[in-house]
Amino acid sequence: MRYTLLFLFLCNSLFSQSGIEKSPTVDTYFNKKVTDDYRNLEGVKDSLILNWMKTQNTYARSILQSIPERQYLIDKLNEMDGKKVYSIDNLQITNNSKYFYLKRKSTENISKLYTRDSFDGKEQELFTPNDYKKNNKEHTITYIKPNYDGSKVVIALTEGGKEVGDMIIVDVVTKKVSPYIITNSWPANGGVSWLPDGTGFIYIHYPTIDHKSALFLKDMIAVVYKIGDDPLKLHPILSRTFSPELNLNKEDFPVVNINSNNTNYLIGRIGGAASFSDVYYADFSELYDKHINWRSLYKKDDKIVDYTIIQNSLYYITSKNTKNNILAYTSLQNPTFTPSKVLIREMNDEVIKTLHSTKDGLYITTTKNGVEAKLYFYNLKNEIKEINLPISAGSISITTLSNNSSDIWVTCSGWNSLNKRYKYNIADNKFIPENLNPLIEFDEFKSIKVLETTVKSHDGLEIPLSIIYNKELNPKDKLPLLAVGYGAYGISLSPTYARFALLWAVKGGIAIYPHVRGGGEKGEEWHLGGYKKNKPNTWKDFISCIEYMHKKGYSTPEKTAIWGSSAGGLLIGKTITERPNLAKAAIAEVGLMNALRMENSPNGANSTKEFGTVKNKEDFDALYEMDAYHHIKKGKKYPSTLITGGYNDPRVPVWQPAKFAAKLQEDNSSKNPILLKIDFDGGHGIDNPKKKAYEDAADIFAFAFWQLGHPDYQPKGNNQK
């Protein structure tokens, strides 16, 4: 009884106000005055602000850890790990068929690097992060890249999920680590490209790695590094300063690689948070010249989705002047994209997604509604055929070696099926299983089903919807509903083994994935349907899918939780400010909540490519409309909300979720708890060790079920007689 009363008292009392003093700032945009009540929270290094966030975090964690059955998800995930014994990811295969991959045993918190000479070869442990001592902090491996013959491998390491970190070089034969450590690196953006002779590689150097500095993510430099040289002596090959004639912006990522199918050229891509890029090429012989003569390969307006090189021809997928994309080719030495030499015209109901080449021809993947994948082969003689996959797949990924090899591997994925990897033999038209991970079927998931359907949105457009449930859908049951959404950057919520959703269903709930506009499920047109001024379609599609579940009788607002991460935080924030009575609980994880101010963060200049800039009137109007923070209204009753942030987040600054939480706590008139949880050691949550990742997932799982009234997650006390 005492526990229950204390628990409820704390929930009701803390959230009657934010607990931090307001600091209203008035900005004027195109004659519109906008008041920002908590601008002061952007000063995250200020001791007052830092202490407030720590107090909020301590309280949120105490509440979350007090929820009965919070440990359930952690225990179940660990139990599943134990049955698998180990898990493998980040597989890399060299041209001579050596395997490199990250492997984590079920008893371990972080992955180690292993290698073997072939799929059936003997496994050897090559490197463990525990051998990397820096700041006495635990590091995780975030990226690996072996050279072509597998004699050396680059390993990227980061501390506490901060993403930006160091790279080391390991000699595979001796297992010795090069004495030189390459700092200021983040190979998740741009990767590492080895020189053909394996003596060095190309990567992006970040001059500033303090993610709270205004100089962070500015003036990056593509450099070439020769093994044995001092990495502090940079050799630039593409940057705003080194290549002034290309007119790069400060925020552009200069990505340079050497295509394994034609090593005569350097390929330079001006990367960033956009669907399409300007791409250049230069002769490899110019690599060490004082100035490289970069020539245009294609422009953003050519809308190249993917490409491969065969001899001196560029085969590419484009979305220009087409809804579902086409496949065409052009000369690499004299590229022209209008008119295109079309090989495969637009398909009905299938979007051409990826392109891969072997010595036999081209492999093309397509998707229908983002949830049904197909594989095709084109033999370069105007003959195309569908390859029947060994199992039904929601999504597939392809691995090839080069145009000198027939080797191709296909990994098939689905919401409720473990990823299965096959090697395809084109001569026999057969798929041979080559799974590195153990394929363990879990009895508790045998009754879980998936329904793929479509739902009419506010404007009549059909929105794909994936529904994961246990046994049968019965309108009389009114089950706990979890809706997961994203909808930005043209990124698809593709079907992949969804342990969280499956366990949600095991506990008696329904999980749904609305494939809203802004994502890439139905091609670039789908992305543009939720882009800048069209952004309201993203949350209106999401709302329509939830309303569909309510109208069907499968759930109710009081039994509905919504969840989104990163740019998906915008979706969650706008859903609860637009329709505060649609759901009982909301989770905004490391979310973009204050779109109007994102431009003022280090990563903001890149975000303008997706969301717009306040310097443009039309973009400003769109940004204001999508800004969840500025749409919180005093006196409104908002749902229970769990808001998370990472103090070292290089993508979404921690003040974005902090400001949203402060204003929501202050203006909310309901008694629903508004919790702010901050990871002061981590970042965006991408590279978290197992223990932290499972604990974060358990917090979300427990919070949602607690608020939706699941009996296993309610405080015990006065209800127990």
# chains A, B, ... in the order shown; residues from 1 in each chain; ligands from 1

$ residues_around --residues "segment 707-710 of chain A" --least-positions-apart "3" --cutoff "10 Å" --atoms "only C-alpha atoms" --output "PyMOL selection string"
chain A and resi 479-482+507-509+556-561+583-586+639-641+672-673+702-704+713-714

$ write_last_selection --atoms "N, CA, C and O atoms" --output "mmCIF file, in the first residue's frame"
data_model
loop_
_atom_site.group_PDB
_atom_site.id
_atom_site.type_symbol
_atom_site.label_atom_id
_atom_site.label_comp_id
_atom_site.auth_asym_id
_atom_site.auth_seq_id
_atom_site.Cartn_x
_atom_site.Cartn_y
_atom_site.Cartn_z
ATOM 1 N N LEU A 479 -6.981 -5.212 -27.487
ATOM 2 C CA LEU A 479 -5.646 -5.531 -26.988
ATOM 3 C C LEU A 479 -4.737 -4.303 -26.936
ATOM 4 O O LEU A 479 -4.958 -3.315 -27.644
ATOM 5 N N PRO A 480 -3.670 -4.352 -26.107
ATOM 6 C CA PRO A 480 -2.678 -3.271 -26.092
ATOM 7 C C PRO A 480 -2.025 -3.135 -27.467
ATOM 8 O O PRO A 480 -1.501 -4.111 -28.010
ATOM 9 N N LEU A 481 -2.077 -1.944 -28.022
ATOM 10 C CA LEU A 481 -1.584 -1.681 -29.371
ATOM 11 C C LEU A 481 -0.325 -0.829 -29.306
ATOM 12 O O LEU A 481 -0.308 0.221 -28.659
ATOM 13 N N LEU A 482 0.737 -1.259 -29.983
ATOM 14 C CA LEU A 482 1.972 -0.486 -30.093
ATOM 15 C C LEU A 482 2.170 -0.122 -31.557
ATOM 16 O O LEU A 482 2.326 -1.002 -32.407
ATOM 17 N N LYS A 507 3.096 -11.154 -25.115
ATOM 18 C CA LYS A 507 2.506 -10.643 -23.878
ATOM 19 C C LYS A 507 1.060 -10.192 -24.063
ATOM 20 O O LYS A 507 0.465 -9.593 -23.170
ATOM 21 N N GLY A 508 0.512 -10.444 -25.246
ATOM 22 C CA GLY A 508 -0.904 -10.162 -25.453
ATOM 23 C C GLY A 508 -1.206 -8.893 -26.203
ATOM 24 O O GLY A 508 -2.370 -8.456 -26.242
ATOM 25 N N GLY A 509 -0.208 -8.293 -26.821
ATOM 26 C CA GLY A 509 -0.438 -7.051 -27.543
ATOM 27 C C GLY A 509 -0.441 -7.230 -29.052
ATOM 28 O O GLY A 509 -0.240 -8.326 -29.581
ATOM 29 N N THR A 556 -8.168 0.330 -28.405
ATOM 30 C CA THR A 556 -8.815 1.605 -28.084
ATOM 31 C C THR A 556 -7.728 2.628 -27.779
ATOM 32 O O THR A 556 -6.568 2.256 -27.534
ATOM 33 N N PRO A 557 -8.049 3.934 -27.762
ATOM 34 C CA PRO A 557 -7.043 4.936 -27.390
ATOM 35 C C PRO A 557 -6.410 4.663 -26.027
ATOM 36 O O PRO A 557 -5.204 4.882 -25.848
ATOM 37 N N GLU A 558 -7.202 4.198 -25.061
ATOM 38 C CA GLU A 558 -6.671 3.927 -23.719
ATOM 39 C C GLU A 558 -5.719 2.743 -23.695
ATOM 40 O O GLU A 558 -4.976 2.559 -22.731
ATOM 41 N N LYS A 559 -5.708 1.952 -24.758
ATOM 42 C CA LYS A 559 -4.817 0.797 -24.830
ATOM 43 C C LYS A 559 -3.809 0.936 -25.974
ATOM 44 O O LYS A 559 -3.278 -0.062 -26.464
ATOM 45 N N THR A 560 -3.518 2.186 -26.374
ATOM 46 C CA THR A 560 -2.619 2.425 -27.499
ATOM 47 C C THR A 560 -1.375 3.188 -27.055
ATOM 48 O O THR A 560 -1.464 4.190 -26.342
ATOM 49 N N ALA A 561 -0.213 2.702 -27.511
ATOM 50 C CA ALA A 561 1.061 3.395 -27.300
ATOM 51 C C ALA A 561 1.697 3.641 -28.661
ATOM 52 O O ALA A 561 1.576 2.822 -29.575
ATOM 53 N N ALA A 583 -3.824 8.273 -28.192
ATOM 54 C CA ALA A 583 -3.055 7.219 -27.530
ATOM 55 C C ALA A 583 -2.928 7.534 -26.046
ATOM 56 O O ALA A 583 -2.952 8.706 -25.638
ATOM 57 N N LYS A 584 -2.746 6.499 -25.262
ATOM 58 C CA LYS A 584 -2.551 6.669 -23.812
ATOM 59 C C LYS A 584 -1.092 6.903 -23.480
ATOM 60 O O LYS A 584 -0.764 7.564 -22.482
ATOM 61 N N ALA A 585 -0.180 6.384 -24.315
ATOM 62 C CA ALA A 585 1.253 6.493 -24.017
ATOM 63 C C ALA A 585 2.026 6.786 -25.292
ATOM 64 O O ALA A 585 1.644 6.353 -26.384
ATOM 65 N N ALA A 586 3.115 7.540 -25.135
ATOM 66 C CA ALA A 586 3.974 7.883 -26.267
ATOM 67 C C ALA A 586 5.430 7.762 -25.848
ATOM 68 O O ALA A 586 5.788 8.097 -24.719
ATOM 69 N N PRO A 639 -0.931 12.582 -23.413
ATOM 70 C CA PRO A 639 -0.727 11.204 -22.941
ATOM 71 C C PRO A 639 0.538 11.066 -22.100
ATOM 72 O O PRO A 639 1.410 11.943 -22.104
ATOM 73 N N SER A 640 0.641 9.978 -21.389
ATOM 74 C CA SER A 640 1.882 9.642 -20.679
ATOM 75 C C SER A 640 2.996 9.550 -21.715
ATOM 76 O O SER A 640 2.824 8.932 -22.764
ATOM 77 N N THR A 641 4.130 10.173 -21.421
ATOM 78 C CA THR A 641 5.184 10.267 -22.432
ATOM 79 C C THR A 641 6.549 9.970 -21.828
ATOM 80 O O THR A 641 6.914 10.539 -20.796
ATOM 81 N N ASN A 672 -1.058 12.425 -16.301
ATOM 82 C CA ASN A 672 -0.181 11.428 -16.913
ATOM 83 C C ASN A 672 1.280 11.805 -16.724
ATOM 84 O O ASN A 672 1.654 12.974 -16.896
ATOM 85 N N PRO A 673 2.150 10.852 -16.398
ATOM 86 C CA PRO A 673 3.567 11.152 -16.186
ATOM 87 C C PRO A 673 4.284 11.527 -17.483
ATOM 88 O O PRO A 673 4.008 10.959 -18.542
ATOM 89 N N ALA A 702 8.274 -1.765 -20.709
ATOM 90 C CA ALA A 702 7.597 -1.700 -19.409
ATOM 91 C C ALA A 702 6.743 -0.442 -19.290
ATOM 92 O O ALA A 702 5.613 -0.489 -18.781
ATOM 93 N N PHE A 703 7.281 0.690 -19.728
ATOM 94 C CA PHE A 703 6.535 1.947 -19.648
ATOM 95 C C PHE A 703 5.221 1.839 -20.422
ATOM 96 O O PHE A 703 4.154 2.232 -19.935
ATOM 97 N N ALA A 704 5.291 1.313 -21.642
ATOM 98 C CA ALA A 704 4.099 1.217 -22.477
ATOM 99 C C ALA A 704 3.065 0.288 -21.858
ATOM 100 O O ALA A 704 1.879 0.642 -21.744
ATOM 101 N N TYR A 713 2.222 -5.324 -15.188
ATOM 102 C CA TYR A 713 3.107 -4.157 -15.082
ATOM 103 C C TYR A 713 2.551 -3.074 -14.160
ATOM 104 O O TYR A 713 3.049 -1.947 -14.163
ATOM 105 N N GLN A 714 1.552 -3.422 -13.375
ATOM 106 C CA GLN A 714 0.966 -2.441 -12.469
ATOM 107 C C GLN A 714 1.573 -2.566 -11.072
ATOM 108 O O GLN A 714 1.878 -3.666 -10.616
#

$ residues_around --residues "Arg579 of chain A" --least-positions-apart "3" --cutoff "12 Å" --atoms "only C-alpha atoms" --output "PyMOL selection string"
chain A and resi 539-540+542-544+546-547+557+562+571-576+582-584+586+628+631-633+636-639

$ write_last_selection --atoms "N, CA, C and O atoms" --output "short mmCIF file (atom, residue, chain, number, x, y, z; two decimals), in the first residue's frame"
data_model
loop_
_atom_site.label_atom_id
_atom_site.label_comp_id
_atom_site.auth_asym_id
_atom_site.auth_seq_id
_atom_site.Cartn_x
_atom_site.Cartn_y
_atom_site.Cartn_z
N TRP A 539 2.53 12.34 -40.32
CA TRP A 539 1.77 12.03 -39.10
C TRP A 539 0.29 11.77 -39.39
O TRP A 539 -0.35 11.02 -38.67
N LYS A 540 -0.24 12.32 -40.47
CA LYS A 540 -1.64 12.02 -40.81
C LYS A 540 -1.80 10.57 -41.29
O LYS A 540 -2.81 9.92 -41.00
N PHE A 542 0.10 8.14 -40.21
CA PHE A 542 0.28 7.40 -38.96
C PHE A 542 -1.02 7.38 -38.18
O PHE A 542 -1.48 6.32 -37.71
N ILE A 543 -1.65 8.54 -38.05
CA ILE A 543 -2.92 8.65 -37.33
C ILE A 543 -3.99 7.80 -38.00
O ILE A 543 -4.77 7.11 -37.32
N SER A 544 -4.04 7.82 -39.33
CA SER A 544 -5.05 7.05 -40.06
C SER A 544 -4.92 5.56 -39.79
O SER A 544 -5.92 4.85 -39.64
N ILE A 546 -3.63 4.14 -37.08
CA ILE A 546 -4.05 3.86 -35.70
C ILE A 546 -5.57 3.90 -35.60
O ILE A 546 -6.19 3.05 -34.96
N GLU A 547 -6.17 4.89 -36.26
CA GLU A 547 -7.64 4.97 -36.26
C GLU A 547 -8.26 3.72 -36.89
O GLU A 547 -9.31 3.25 -36.44
N PRO A 557 -8.05 3.93 -27.76
CA PRO A 557 -7.04 4.94 -27.39
C PRO A 557 -6.41 4.66 -26.03
O PRO A 557 -5.20 4.88 -25.85
N ILE A 562 2.40 4.77 -28.81
CA ILE A 562 3.09 5.09 -30.06
C ILE A 562 4.56 5.31 -29.77
O ILE A 562 4.94 5.80 -28.71
N LEU A 571 7.52 12.64 -35.71
CA LEU A 571 6.24 11.97 -35.95
C LEU A 571 5.46 11.78 -34.65
O LEU A 571 4.25 12.07 -34.58
N ILE A 572 6.12 11.32 -33.61
CA ILE A 572 5.45 11.08 -32.33
C ILE A 572 5.00 12.39 -31.70
O ILE A 572 3.86 12.52 -31.23
N GLY A 573 5.88 13.40 -31.72
CA GLY A 573 5.53 14.69 -31.14
C GLY A 573 4.34 15.32 -31.81
O GLY A 573 3.42 15.85 -31.14
N LYS A 574 4.31 15.29 -33.13
CA LYS A 574 3.19 15.89 -33.85
C LYS A 574 1.91 15.08 -33.70
O LYS A 574 0.81 15.62 -33.71
N THR A 575 2.04 13.77 -33.54
CA THR A 575 0.84 12.95 -33.33
C THR A 575 0.17 13.31 -32.02
O THR A 575 -1.06 13.46 -31.95
N ILE A 576 0.96 13.48 -30.94
CA ILE A 576 0.32 13.76 -29.65
C ILE A 576 -0.13 15.22 -29.53
O ILE A 576 -1.06 15.51 -28.77
N LEU A 582 -5.50 10.33 -28.94
CA LEU A 582 -5.42 9.16 -29.81
C LEU A 582 -4.75 7.98 -29.12
O LEU A 582 -5.03 6.83 -29.42
N ALA A 583 -3.82 8.27 -28.19
CA ALA A 583 -3.06 7.22 -27.53
C ALA A 583 -2.93 7.53 -26.05
O ALA A 583 -2.95 8.71 -25.64
N LYS A 584 -2.75 6.50 -25.26
CA LYS A 584 -2.55 6.67 -23.81
C LYS A 584 -1.09 6.90 -23.48
O LYS A 584 -0.76 7.56 -22.48
N ALA A 586 3.12 7.54 -25.13
CA ALA A 586 3.97 7.88 -26.27
C ALA A 586 5.43 7.76 -25.85
O ALA A 586 5.79 8.10 -24.72
N ALA A 628 6.94 19.95 -33.15
CA ALA A 628 6.08 19.46 -32.08
C ALA A 628 6.19 20.33 -30.83
O ALA A 628 5.19 20.60 -30.15
N HIS A 631 3.98 23.28 -30.83
CA HIS A 631 2.55 22.99 -30.91
C HIS A 631 1.98 22.44 -29.60
O HIS A 631 0.80 22.08 -29.54
N ILE A 632 2.80 22.39 -28.55
CA ILE A 632 2.28 22.05 -27.23
C ILE A 632 1.45 23.23 -26.72
O ILE A 632 1.90 24.38 -26.77
N LYS A 633 0.24 22.96 -26.25
CA LYS A 633 -0.66 24.02 -25.82
C LYS A 633 -0.94 23.94 -24.33
O LYS A 633 -1.18 22.85 -23.79
N LYS A 636 -3.79 21.61 -22.23
CA LYS A 636 -4.22 20.40 -22.94
C LYS A 636 -3.85 19.16 -22.12
O LYS A 636 -2.84 19.14 -21.42
N LYS A 637 -4.65 18.12 -22.27
CA LYS A 637 -4.37 16.85 -21.59
C LYS A 637 -3.61 15.95 -22.54
O LYS A 637 -4.17 15.45 -23.53
N TYR A 638 -2.33 15.74 -22.25
CA TYR A 638 -1.48 14.94 -23.12
C TYR A 638 -1.27 13.54 -22.55
O TYR A 638 -1.40 13.32 -21.33
N PRO A 639 -0.93 12.58 -23.41
CA PRO A 639 -0.73 11.20 -22.94
C PRO A 639 0.54 11.07 -22.10
O PRO A 639 1.41 11.94 -22.10
#

$ select_by_dssp --residues "segment 326-491 of chain A" --states "strand (DSSP E)" --output "NGL selection string"
:A and (326-331 or 341-344 or 351-358 or 361-368 or 372-378 or 384-387 or 395-400 or 408-414 or 417-425 or 430-433 or 448-456 or 462-470 or 481-484)

$ residues_around --residues "segment 330-336 of chain A" --least-positions-apart "6" --cutoff "10 Å" --atoms "only C-alpha atoms" --output "ChimeraX atom specification"
/A:265,281,295-298,302,309-316,342

$ closest_residue --among "A:Ile344, A:Ile384, A:Ala393, A:Ile204" --to "Lys368 of chain A" --atoms "only C-alpha atoms"
A:Ala393

$ atom_distance --atom1 "atom CA of Thr142 of chain A" --atom2 "atom CA of Asp81 of chain A"
20.2 Å

$ closest_residue --among "A:Glu599, A:Glu524, A:Asp120, A:Glu578" --to "Tyr99 of chain A" --atoms "only C-alpha atoms"
A:Asp120

$ closest_residue --among "A:Asn437, A:Lys385, A:Leu157, A:Ser178" --to "Arg104 of chain A" --atoms "only C-alpha atoms"
A:Asn437

$ select_by_dssp --residues "segment 79-260 of chain A" --states "alpha helix (DSSP H)" --output "list in words"
Glu79, Met80, Asp81, Gly82, Lys83 and Lys84 of chain A

$ write_last_selection --atoms "N, CA, C and O atoms" --output "PDB file, in the first residue's frame"
ATOM      1  N   GLU A  79      17.596 -14.891 -22.673  1.00  0.00           N
ATOM      2  CA  GLU A  79      17.255 -16.301 -22.868  1.00  0.00           C
ATOM      3  C   GLU A  79      17.372 -16.681 -24.348  1.00  0.00           C
ATOM      4  O   GLU A  79      17.902 -17.745 -24.697  1.00  0.00           O
ATOM      5  N   MET A  80      16.886 -15.804 -25.218  1.00  0.00           N
ATOM      6  CA  MET A  80      16.994 -16.058 -26.651  1.00  0.00           C
ATOM      7  C   MET A  80      18.449 -16.062 -27.089  1.00  0.00           C
ATOM      8  O   MET A  80      18.865 -16.885 -27.916  1.00  0.00           O
ATOM      9  N   ASP A  81      19.243 -15.147 -26.517  1.00  0.00           N
ATOM     10  CA  ASP A  81      20.680 -15.144 -26.794  1.00  0.00           C
ATOM     11  C   ASP A  81      21.320 -16.466 -26.399  1.00  0.00           C
ATOM     12  O   ASP A  81      22.159 -17.019 -27.115  1.00  0.00           O
ATOM     13  N   GLY A  82      20.925 -16.945 -25.203  1.00  0.00           N
ATOM     14  CA  GLY A  82      21.511 -18.178 -24.692  1.00  0.00           C
ATOM     15  C   GLY A  82      21.225 -19.371 -25.583  1.00  0.00           C
ATOM     16  O   GLY A  82      22.078 -20.246 -25.770  1.00  0.00           O
ATOM     17  N   LYS A  83      20.037 -19.405 -26.172  1.00  0.00           N
ATOM     18  CA  LYS A  83      19.694 -20.509 -27.069  1.00  0.00           C
ATOM     19  C   LYS A  83      20.490 -20.429 -28.367  1.00  0.00           C
ATOM     20  O   LYS A  83      20.828 -21.455 -28.966  1.00  0.00           O
ATOM     21  N   LYS A  84      20.766 -19.203 -28.810  1.00  0.00           N
ATOM     22  CA  LYS A  84      21.536 -19.035 -30.048  1.00  0.00           C
ATOM     23  C   LYS A  84      23.025 -19.275 -29.826  1.00  0.00           C
ATOM     24  O   LYS A  84      23.764 -19.536 -30.771  1.00  0.00           O
TER      25      LYS A  84
END

$ closest_residue --among "A:Lys218, A:Asn51, A:Thr308, A:Lys341" --to "Tyr363 of chain A" --atoms "only C-alpha atoms"
A:Thr308

$ residues_around --residues "segment 620-624 of chain A" --least-positions-apart "6" --cutoff "10 Å" --atoms "only C-alpha atoms" --output "list in words"
Tyr29, Phe30, Lys32, Val34, Tyr531, Lys532, Lys533, Asn534, Lys535, Pro536, Asn594, Ala595, Leu596, Arg597, Met598, Thr608, Phe611, Gly612, Thr613, Val614, His630 and His631 of chain A

$ atom_distance --atom1 "atom CA of Leu215 of chain A" --atom2 "atom CA of Ala273 of chain A"
17.6 Å

$ atom_distance --atom1 "atom CA of Pro254 of chain A" --atom2 "atom CA of Glu618 of chain A"
28.9 Å
